[in-house]
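Everything below belongs to target21.cif, which stores mmCIF, C-alpha atoms.
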data_model
#
loop_
_atom_site.label_atom_id
_atom_site.label_comp_id
_atom_site.auth_asym_id
_atom_site.auth_seq_id
_atom_site.Cartn_x
_atom_site.Cartn_y
_atom_site.Cartn_z
CA MET O 1 -12.54 -3.45 -21.29
CA VAL O 2 -9.27 -1.77 -22.29
CA GLY O 3 -9.73 -0.57 -25.87
CA GLY O 4 -12.46 -3.16 -26.28
CA SER O 5 -9.82 -5.88 -26.23
CA LEU O 6 -10.10 -8.87 -23.94
CA PHE O 7 -6.40 -9.56 -24.38
CA LEU O 8 -5.47 -6.07 -23.15
CA SER O 9 -7.78 -6.45 -20.16
CA ILE O 10 -6.11 -9.74 -19.23
CA LEU O 11 -2.71 -8.08 -19.67
CA VAL O 12 -3.77 -5.22 -17.37
CA LEU O 13 -5.01 -7.77 -14.86
CA LEU O 14 -1.71 -9.65 -14.85
CA ILE O 15 0.40 -6.49 -14.57
CA SER O 16 -1.87 -5.21 -11.79
CA PHE O 17 -1.43 -8.46 -9.87
CA SER O 18 2.36 -8.19 -10.25
CA VAL O 19 2.39 -4.57 -9.07
CA LEU O 20 0.09 -5.42 -6.17
CA ALA O 21 2.42 -8.23 -5.10
CA TYR O 22 5.43 -5.93 -5.43
CA ALA O 23 3.69 -3.19 -3.42
CA ILE O 24 2.81 -5.62 -0.63
CA LEU O 25 6.37 -6.94 -0.50
CA ALA O 26 7.82 -3.45 -0.58
CA PHE O 27 5.43 -2.43 2.22
CA ALA O 28 6.67 -5.41 4.23
CA HIS O 29 10.26 -4.39 3.50
CA VAL O 30 9.64 -0.79 4.63
CA ARG O 31 7.97 -2.16 7.77
CA ILE O 32 11.02 -4.14 8.84
CA THR O 33 13.68 -1.70 7.64
CA ASP O 34 14.00 -0.09 11.05
CA ALA O 35 14.16 -3.28 13.07
CA ASP O 36 16.65 -3.09 15.92
CA MET O 37 19.40 -5.47 14.82
CA SER O 38 20.97 -5.56 18.29
CA GLU O 39 17.92 -7.41 19.64
CA LEU O 40 19.07 -10.69 18.06
CA GLU O 41 22.46 -10.32 19.70
CA ARG O 42 20.78 -9.67 23.03
CA LEU O 43 18.76 -12.87 22.68
CA ARG O 44 21.96 -14.73 21.86
CA GLN O 45 23.69 -13.36 24.95
CA GLU O 46 20.70 -14.36 27.08
CA GLY O 47 20.88 -17.90 25.71
CA VAL O 48 17.50 -17.77 23.99
CA LEU O 49 19.15 -18.24 20.61
CA PRO O 50 22.19 -20.39 19.85
CA THR O 51 25.49 -18.51 19.72
CA GLU O 52 26.04 -19.35 16.09
CA ALA O 53 23.81 -17.22 13.84
CA ARG O 54 21.58 -19.19 11.46
CA LEU O 55 19.10 -17.20 9.43
CA VAL O 56 16.24 -19.63 8.95
CA GLU O 57 16.52 -21.52 12.21
CA ASP O 58 16.76 -18.33 14.27
CA PHE O 59 13.54 -16.98 12.76
CA ARG O 60 11.73 -20.27 13.37
CA LEU O 61 12.99 -20.53 16.94
CA VAL O 62 11.87 -17.01 17.84
CA HIS O 63 8.55 -17.67 16.11
CA GLU O 64 7.97 -20.83 18.14
CA LYS O 65 8.93 -19.17 21.41
CA LEU O 66 6.70 -16.23 20.63
CA SER O 67 3.81 -18.56 19.78
CA GLU O 68 4.08 -20.06 23.25
CA ILE O 69 3.73 -16.81 25.19
CA ALA O 70 2.03 -14.39 22.78
CA PRO O 71 -1.60 -15.44 23.58
CA ALA O 72 -0.95 -15.10 27.31
CA VAL O 73 0.16 -11.48 26.90
CA TYR O 74 -2.48 -10.55 24.32
CA LEU O 75 0.04 -10.26 21.52
CA ARG O 76 -0.89 -11.43 18.06
CA GLN O 77 1.80 -12.52 15.65
CA GLU O 78 1.61 -10.72 12.36
CA PHE O 79 0.51 -13.16 9.67
CA TRP O 80 2.33 -11.44 6.84
CA LEU O 81 5.68 -12.13 8.53
CA GLN O 82 5.34 -15.84 7.81
CA ILE O 83 4.35 -15.24 4.19
CA TYR O 84 7.23 -12.83 3.73
CA PHE O 85 9.62 -15.30 5.37
CA HIS O 86 8.68 -18.14 3.01
CA LEU O 87 8.77 -15.82 0.02
CA LEU O 88 12.26 -14.63 0.93
CA ARG O 89 13.44 -18.19 1.34
CA LEU O 90 12.03 -19.09 -2.05
CA ALA O 91 13.68 -16.07 -3.66
CA ARG O 92 16.94 -16.90 -1.89
CA TRP O 93 16.83 -20.46 -3.19
CA ALA O 94 16.05 -19.24 -6.72
CA ARG O 95 18.90 -16.71 -6.71
CA ARG O 96 21.47 -18.73 -4.75
CA GLY O 97 25.08 -17.94 -5.53
CA THR O 98 24.32 -14.44 -6.81
CA ALA O 99 24.71 -10.97 -5.28
CA VAL O 100 20.94 -10.84 -4.80
CA ALA O 101 21.18 -13.79 -2.40
CA GLU O 102 23.29 -11.63 -0.05
CA MET O 103 20.67 -8.92 -0.14
CA LEU O 104 17.97 -11.49 0.62
CA ASP O 105 20.05 -12.81 3.52
CA ARG O 106 20.14 -9.32 5.01
CA GLU O 107 16.40 -9.03 4.53
CA LEU O 108 15.90 -12.34 6.36
CA LEU O 109 18.14 -11.08 9.14
CA ARG O 110 16.03 -7.91 9.43
CA LEU O 111 12.90 -10.04 9.54
CA SER O 112 14.34 -12.12 12.37
CA ALA O 113 15.32 -8.94 14.22
CA TYR O 114 11.80 -7.55 13.79
CA GLN O 115 10.39 -10.81 15.15
CA ALA O 116 12.88 -10.67 18.01
CA GLN O 117 11.65 -7.18 18.92
CA HIS O 118 8.14 -8.60 19.25
CA TYR O 119 9.46 -11.38 21.40
CA ARG O 120 11.09 -8.80 23.66
CA VAL O 121 7.79 -6.95 23.99
CA ALA O 122 6.07 -10.23 24.87
CA LEU O 123 8.72 -11.03 27.48
CA THR O 124 8.35 -7.58 29.05
CA ARG O 125 4.57 -7.98 29.26
CA LEU O 126 4.93 -11.47 30.74
CA GLU O 127 7.28 -10.10 33.35
CA ALA O 128 4.78 -7.39 34.21
CA LEU O 129 2.04 -10.02 34.61
CA ARG O 130 4.21 -12.15 36.87
CA ASN O 131 5.40 -9.28 38.99
CA PRO O 132 2.65 -6.67 38.95
CA SER O 133 3.53 -3.33 40.47
CA PHE O 134 0.52 -1.72 42.15
CA MET G 1 -31.84 -2.33 12.78
CA ARG G 2 -30.75 -4.51 9.86
CA VAL G 3 -27.54 -3.54 8.14
CA SER G 4 -26.77 -5.05 4.74
CA VAL G 5 -23.23 -6.21 3.93
CA SER G 6 -22.76 -3.45 1.35
CA LEU G 7 -23.91 -0.82 3.88
CA ALA G 8 -21.53 -2.25 6.47
CA ILE G 9 -18.67 -2.04 3.95
CA TRP G 10 -19.69 1.51 3.07
CA ILE G 11 -19.70 2.54 6.75
CA THR G 12 -16.28 0.93 7.27
CA VAL G 13 -14.86 2.71 4.22
CA CYS G 14 -16.25 6.01 5.50
CA LEU G 15 -14.72 5.38 8.92
CA ALA G 16 -11.34 4.57 7.32
CA ASN G 17 -11.57 7.80 5.34
CA GLY G 18 -12.48 9.69 8.51
CA VAL G 19 -9.52 8.24 10.42
CA ALA G 20 -7.21 9.08 7.51
CA PHE G 21 -8.65 12.60 7.33
CA LEU G 22 -8.03 13.12 11.06
CA ALA G 23 -4.52 11.70 10.66
CA THR G 24 -3.67 14.53 8.29
CA PHE G 25 -4.05 16.92 11.26
CA ARG G 26 -1.27 15.21 13.18
CA ARG G 27 1.62 17.42 14.22
CA GLY G 28 4.91 17.04 12.46
CA LEU G 29 3.43 15.79 9.21
CA ASP G 30 5.41 16.70 6.10
CA ARG G 31 3.83 19.71 4.44
CA GLY G 32 3.35 17.76 1.18
CA LEU G 33 1.24 15.18 2.93
CA ILE G 34 -1.23 17.87 3.97
CA TRP G 35 -2.57 17.65 0.41
CA LEU G 36 -3.97 14.35 1.50
CA ARG G 37 -6.42 16.28 3.70
CA TRP G 38 -8.21 17.50 0.58
CA TYR G 39 -8.04 14.04 -0.87
CA PHE G 40 -9.79 12.46 2.10
CA ALA G 41 -12.26 15.32 2.42
CA LEU G 42 -13.28 14.68 -1.18
CA ALA G 43 -13.41 10.92 -0.55
CA ILE G 44 -15.79 11.41 2.41
CA PHE G 45 -17.90 13.90 0.45
CA GLY G 46 -18.02 11.54 -2.56
CA ASN G 47 -19.05 8.61 -0.38
CA LEU G 48 -21.82 10.63 1.23
CA CYS G 49 -23.09 11.86 -2.16
CA THR G 50 -23.13 8.32 -3.55
CA HIS G 51 -24.91 6.92 -0.54
CA PHE G 52 -27.57 9.60 -0.38
CA SER G 53 -28.22 9.45 -4.12
CA LEU G 54 -28.71 5.70 -3.69
CA LEU G 55 -31.16 6.24 -0.84
CA HIS G 56 -32.99 9.07 -2.54
CA TYR G 57 -33.09 8.03 -6.19
CA GLY G 58 -32.56 4.25 -6.07
CA TYR G 59 -30.07 1.82 -7.52
CA ARG G 60 -31.32 2.03 -11.13
CA SER G 61 -31.46 5.83 -11.27
CA ALA G 62 -29.20 7.91 -13.50
CA GLN G 63 -28.39 10.17 -10.54
CA TYR G 64 -26.93 7.28 -8.59
CA LYS G 65 -24.76 6.25 -11.55
CA TYR G 66 -23.55 9.83 -11.99
CA ALA G 67 -22.72 10.05 -8.29
CA TYR G 68 -21.05 6.62 -8.18
CA TYR G 69 -18.77 7.03 -11.17
CA GLY G 70 -18.33 10.79 -10.79
CA ALA G 71 -17.21 10.56 -7.16
CA ASP G 72 -14.85 7.65 -7.87
CA LEU G 73 -13.26 9.40 -10.83
CA ALA G 74 -12.88 12.68 -8.94
CA ILE G 75 -11.06 10.84 -6.13
CA VAL G 76 -8.80 8.99 -8.59
CA VAL G 77 -7.94 12.21 -10.45
CA LEU G 78 -7.22 14.12 -7.24
CA GLY G 79 -5.03 11.16 -6.26
CA TYR G 80 -2.93 11.91 -9.37
CA PHE G 81 -2.35 15.45 -8.21
CA VAL G 82 -1.43 14.22 -4.74
CA LEU G 83 1.06 11.85 -6.37
CA ALA G 84 2.45 14.68 -8.52
CA ARG G 85 2.88 16.77 -5.38
CA LEU G 86 4.62 13.87 -3.65
CA VAL G 87 6.97 13.55 -6.61
CA GLU G 88 7.84 17.27 -6.35
CA LEU G 89 8.51 17.00 -2.63
CA ALA G 90 10.38 13.73 -2.79
CA PHE G 91 12.85 15.02 -5.34
CA GLU G 92 13.06 18.69 -4.36
CA LYS G 93 16.33 18.16 -2.47
CA SER G 94 17.84 15.90 -5.11
CA SER G 95 19.70 16.87 -8.26
CA LEU G 96 16.80 15.60 -10.36
CA LYS G 97 14.80 18.41 -11.93
CA LEU G 98 11.26 17.81 -13.06
CA PRO G 99 10.08 20.83 -15.05
CA GLY G 100 6.45 20.90 -16.14
CA LEU G 101 5.44 18.05 -13.86
CA ARG G 102 1.98 19.42 -13.12
CA THR G 103 1.36 20.32 -16.75
CA GLY G 104 2.44 16.81 -17.67
CA ALA G 105 0.04 15.31 -15.13
CA ILE G 106 -2.84 17.39 -16.50
CA LEU G 107 -1.97 16.47 -20.09
CA LEU G 108 -1.72 12.80 -19.18
CA PHE G 109 -5.07 12.89 -17.42
CA THR G 110 -6.76 14.78 -20.27
CA GLY G 111 -5.26 12.50 -22.91
CA LEU G 112 -6.34 9.35 -21.15
CA ALA G 113 -9.85 10.71 -20.54
CA ALA G 114 -10.16 11.69 -24.23
CA CYS G 115 -8.93 8.26 -25.37
CA SER G 116 -11.36 6.49 -23.03
CA VAL G 117 -14.29 8.60 -24.26
CA ALA G 118 -13.36 8.03 -27.92
CA LEU G 119 -13.01 4.28 -27.40
CA VAL G 120 -16.34 3.96 -25.64
CA TYR G 121 -18.04 5.99 -28.37
CA MET G 122 -16.49 3.88 -31.14
CA LEU G 123 -17.30 0.57 -29.48
CA ARG G 124 -20.73 1.34 -28.05
CA GLY G 125 -21.97 4.08 -30.35
CA GLY G 126 -22.87 6.31 -27.40
CA PHE G 127 -21.94 7.41 -23.89
CA ALA G 128 -23.74 5.09 -21.48
CA THR G 129 -22.64 6.19 -17.99
CA SER G 130 -21.77 2.72 -16.77
CA TYR G 131 -19.64 1.82 -19.83
CA LEU G 132 -17.85 5.16 -19.79
CA GLY G 133 -17.38 4.99 -16.01
CA LEU G 134 -15.98 1.43 -16.10
CA GLU G 135 -13.60 2.20 -18.97
CA MET G 136 -12.28 5.34 -17.34
CA GLU G 137 -11.98 3.78 -13.90
CA GLN G 138 -10.01 0.84 -15.29
CA ASN G 139 -7.69 3.05 -17.34
CA PHE G 140 -7.12 5.59 -14.59
CA SER G 141 -6.50 2.92 -11.96
CA PHE G 142 -3.95 1.25 -14.24
CA LEU G 143 -2.17 4.52 -14.95
CA GLY G 144 -2.24 5.53 -11.28
CA MET G 145 -0.75 2.18 -10.33
CA LEU G 146 2.10 2.62 -12.81
CA LEU G 147 2.78 6.19 -11.68
CA ALA G 148 2.84 5.23 -8.01
CA ILE G 149 5.15 2.27 -8.50
CA LEU G 150 7.46 4.30 -10.76
CA LEU G 151 7.61 6.98 -8.08
CA PHE G 152 8.48 4.39 -5.47
CA VAL G 153 11.21 2.83 -7.59
CA GLY G 154 12.52 6.34 -8.42
CA MET G 155 12.64 7.21 -4.72
CA ASN G 156 14.69 4.08 -4.06
CA LEU G 157 17.05 4.72 -6.95
CA MET G 158 17.59 8.34 -5.91
CA GLN G 159 17.86 7.25 -2.26
CA VAL G 160 15.24 9.76 -1.18
CA PRO G 161 14.85 9.60 2.63
CA GLY G 162 11.49 9.22 4.38
CA VAL G 163 9.77 6.01 5.44
CA ARG G 164 6.36 7.69 5.68
CA PHE G 165 6.63 9.02 2.15
CA ARG G 166 7.38 5.54 0.89
CA ARG G 167 4.50 4.04 2.80
CA VAL G 168 2.05 6.60 1.43
CA VAL G 169 3.26 6.06 -2.14
CA LEU G 170 3.04 2.28 -1.74
CA SER G 171 -0.46 2.63 -0.31
CA PHE G 172 -1.47 4.56 -3.42
CA SER G 173 0.08 1.87 -5.57
CA LEU G 174 -1.86 -0.77 -3.68
CA LEU G 175 -5.06 1.26 -3.92
CA TYR G 176 -4.76 1.72 -7.68
CA SER G 177 -3.52 -1.78 -8.48
CA SER G 178 -6.32 -3.46 -6.51
CA GLY G 179 -8.79 -1.10 -8.25
CA ALA G 180 -7.33 -2.02 -11.65
CA ILE G 181 -7.67 -5.72 -10.77
CA ALA G 182 -11.31 -5.27 -9.76
CA TYR G 183 -12.24 -3.32 -12.91
CA SER G 184 -10.28 -5.68 -15.17
CA LEU G 185 -12.14 -8.64 -13.66
CA ALA G 186 -15.43 -6.80 -14.21
CA ALA G 187 -14.44 -6.27 -17.86
CA ILE G 188 -13.32 -9.86 -18.42
CA LEU G 189 -16.21 -11.46 -16.51
CA PRO G 190 -19.24 -9.16 -16.88
CA VAL G 191 -21.34 -11.62 -14.88
CA LEU G 192 -19.38 -10.56 -11.78
CA GLY G 193 -19.87 -6.84 -12.53
CA VAL G 194 -22.50 -6.11 -9.87
CA ALA G 195 -20.71 -8.08 -7.14
CA ILE G 196 -17.44 -6.35 -7.97
CA ARG G 197 -19.00 -2.86 -7.89
CA TYR G 198 -20.85 -3.60 -4.66
CA TYR G 199 -18.22 -5.48 -2.69
CA ALA G 200 -14.79 -5.65 -4.32
CA VAL G 201 -14.38 -1.97 -5.23
CA PRO G 202 -15.29 -0.68 -1.72
CA LEU G 203 -12.99 -3.31 -0.22
CA THR G 204 -10.08 -2.17 -2.38
CA SER G 205 -10.80 1.41 -1.27
CA LEU G 206 -10.88 0.24 2.32
CA ALA G 207 -7.50 -1.50 2.00
CA GLY G 208 -5.88 1.47 0.27
CA MET G 209 -7.34 4.19 2.50
CA GLY G 210 -6.66 2.09 5.60
CA LEU G 211 -3.02 1.76 4.63
CA ILE G 212 -2.69 5.48 3.94
CA ALA G 213 -4.30 6.18 7.34
CA TYR G 214 -1.88 3.76 8.97
CA SER G 215 1.08 5.37 7.19
CA LEU G 216 0.05 8.80 8.47
CA TRP G 217 -0.65 7.68 12.04
CA VAL G 218 2.55 5.74 12.63
CA PRO G 219 5.31 8.17 13.62
CA GLU G 220 8.28 8.40 11.33
CA PRO G 221 11.21 6.59 12.97
CA GLU G 222 14.38 8.51 13.66
CA ARG G 223 16.86 7.34 11.08
CA GLN G 224 20.62 7.51 11.03
CA PRO G 225 22.24 8.51 7.77
CA ARG G 226 22.59 5.63 5.34
CA VAL G 227 26.39 5.57 5.50
CA ALA G 228 26.41 5.44 9.30
CA ARG G 229 23.93 2.57 9.33
CA ALA G 230 25.95 0.63 6.80
CA ALA G 231 29.18 1.28 8.71
CA GLU G 232 27.53 0.03 11.92
CA ARG G 233 26.81 -3.27 10.25
CA GLY G 234 30.19 -3.46 8.59
CA LEU G 235 28.73 -3.07 5.11
CA GLN G 236 29.60 -0.89 2.20
CA PRO G 237 26.82 1.67 1.57
CA ALA G 238 26.30 0.31 -1.95
CA GLN G 239 25.40 -3.08 -0.50
CA GLU G 240 22.35 -1.71 1.28
CA ALA G 241 19.17 -3.23 -0.05
CA THR G 242 16.70 -1.19 -1.99
CA TRP G 243 13.43 -2.63 -3.25
#

As structure tokens, what does this structure read like?
Amino acid sequence: MVGGSLFLSILVLLISFSVLAYAILAFAHVRITDADMSELERLRQEGVLPTEARLVEDFRLVHEKLSEIAPAVYLRQEFWLQIYFHLLRLARWARRGTAVAEMLDRELLRLSAYQAQHYRVALTRLEALRNPSF
Amino acid sequence: MRVSVSLAIWITVCLANGVAFLATFRRGLDRGLIWLRWYFALAIFGNLCTHFSLLHYGYRSAQYKYAYYGADLAIVVLGYFVLARLVELAFEKSSLKLPGLRTGAILLFTGLAACSVALVYMLRGGFATSYLGLEMEQNFSFLGMLLAILLFVGMNLMQVPGVRFRRVVLSFSLLYSSGAIAYSLAAILPVLGVAIRYYAVPLTSLAGMGLIAYSLWVPEPERQPRVARAAERGLQPAQEATW
């Protein structure tokens, strides 16, 4: 117990939970930082995504399409992506109309691009299954 | 052969440490991260000592308690020095000067250890290993968590490059914060103490060490300069997000 005080221990617990949450989110952010942003455009040009960019709908659409083919090509969707997506949406709603909202929009765009990269990998594997080269 | 859950967790933690230790031999690793080799070597050695003292002397023996708390504390303290080294390396090319960083780390560690010992003595009237160990582990985990997260925020503010560096620092933050949560819960709810020491603490180690191993294994992506990336997307550099 911190200094023999229950209050201090509870305080440490709460701060630790906050830092843990921040660390997980920051880890997620670092993970998607290098997503290839051109992948979304490619999907748009191929007609997989609508021509008009929509942050939330684009992510959902790629997620659904990936869900359809991922099991067939032994690809597992990363669970934390969904959590991060909903968290970003919540933060975006809470900070709407501020400069932070723009930053959150870019983060959502990166997340969609990261998801799109996975979709591309799945498509490539599916193609290889359909047309095996021996 | 029957394997208990705690033994299975212990084996998994050891394997994660082993993978992380091997990862430090990867080519092209930043020279600062090589310090992690000593960190994982000590973690493996500490785990082996704890396990064999448990097998040899039994759960209620003083030797097992010494090994358990001693090994954990040694790993946590060495983690501080790894963090201090990471701070030096992260900011060595920046304008920020950090004189006396190592001395500061040693003073911080010594001060916290002295405070923990004094508190336990005042509250308990003696130095029971488990009380002293729990107090120090909780305090050190909390401090380590703060140091790691401050380092991460500082790296973002100073725009220090290096995804792997960031991942390693975040892994440390996660390791320490989950440890602080486990020890705080053990302090608030003593009835959960045994379960937390047996299951939760090794699991937090597993998560932290696993993430460090992952951070070391995954190759660092080639990155364009920040300004070029921002220009590509039609953004001003200042608009780039930092977390």

**Item:** Result set of the PyMOL selection byres ((chain O and resi 82) around 12) on the coordinates above, as a list of chain:residue names
**Value:** O:Ala28, O:Val56, O:Phe59, O:Arg60, O:His63, O:Glu64, O:Gln77, O:Glu78, O:Phe79, O:Trp80, O:Leu81, O:Ile83, O:Tyr84, O:Phe85, O:His86, O:Leu87, O:Leu88, O:Arg89, O:Leu108, O:Leu111, O:Ser112, O:Gln115

**Asked** When the PyMOL selection byres ((chain G) within 7 of (chain O)) is applied to the file above, which residues end up in the set, as an MDAnalysis selection string?
**Response** chainID G and resid 119 123 135 163 167 170 173:174 177:178 180:181 184 187:188 241 243

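Note that atom CA of G:Ala41 and atom CA of G:Lys65 are 20.8 Å apart.
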
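Closest approach to G:Ile106 among G:Val77, G:Thr12, G:Ser130, G:Ala118: G:Val77, based on only C-alpha atoms.
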
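Rounded to one decimal, atom CA of O:Arg110 and atom CA of O:Leu55 lie 9.8 Å from each other.
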
**Asked** Could you write out as a PyMOL selection string the residues that the PyMOL selection byres ((chain G and resi 21-28) around 10) matches in the shown file?
**Response** chain G and resi 15-20+29-31+33-44+209+212-220

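The gap separating atom CA of G:Leu147 from atom CA of G:Glu92 is 17.8 Å, in Å to one decimal.
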
Residues at most 8 Å from O:Arg125, counting only C-alpha atoms, excluding those fewer than 4 positions away in the same chain, as a PDB file with C-alpha atoms, in the coordinates of the input?
ATOM      1  CA  VAL O  73       0.160 -11.480  26.900  1.00  0.00           C
ATOM      2  CA  VAL O 121       7.790  -6.950  23.990  1.00  0.00           C
ATOM      3  CA  LEU O 129       2.040 -10.020  34.610  1.00  0.00           C
TER       4      LEU O 129
END

**Request:** Write out as a PyMOL selection string each polymer residue whose atoms come within 10 Å of G:Tyr121, counting all atoms listed in the file; drop sequence neighbours fewer than 6 positions from it.
**Result:** chain G and resi 115+127-128+131-132

**Asked** Residues around (2.6, 9.2, -7.9), cut-off 9 Å, counting all atoms listed in the file - what are they as a list of chain:residue names?
**Response** G:Gly79, G:Tyr80, G:Phe81, G:Val82, G:Leu83, G:Ala84, G:Arg85, G:Leu86, G:Val87, G:Gly144, G:Met145, G:Leu146, G:Leu147, G:Ala148, G:Ile149, G:Leu150, G:Leu151, G:Phe152, G:Val169, G:Phe172, G:Ser173

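Look at G:Gly208: the protein and nucleic acid residues within 6 Å of it, using only C-alpha atoms and passing over chain neighbours fewer than 3 places away, are Ser171, Leu175, Ser205 and Leu211 of chain G.
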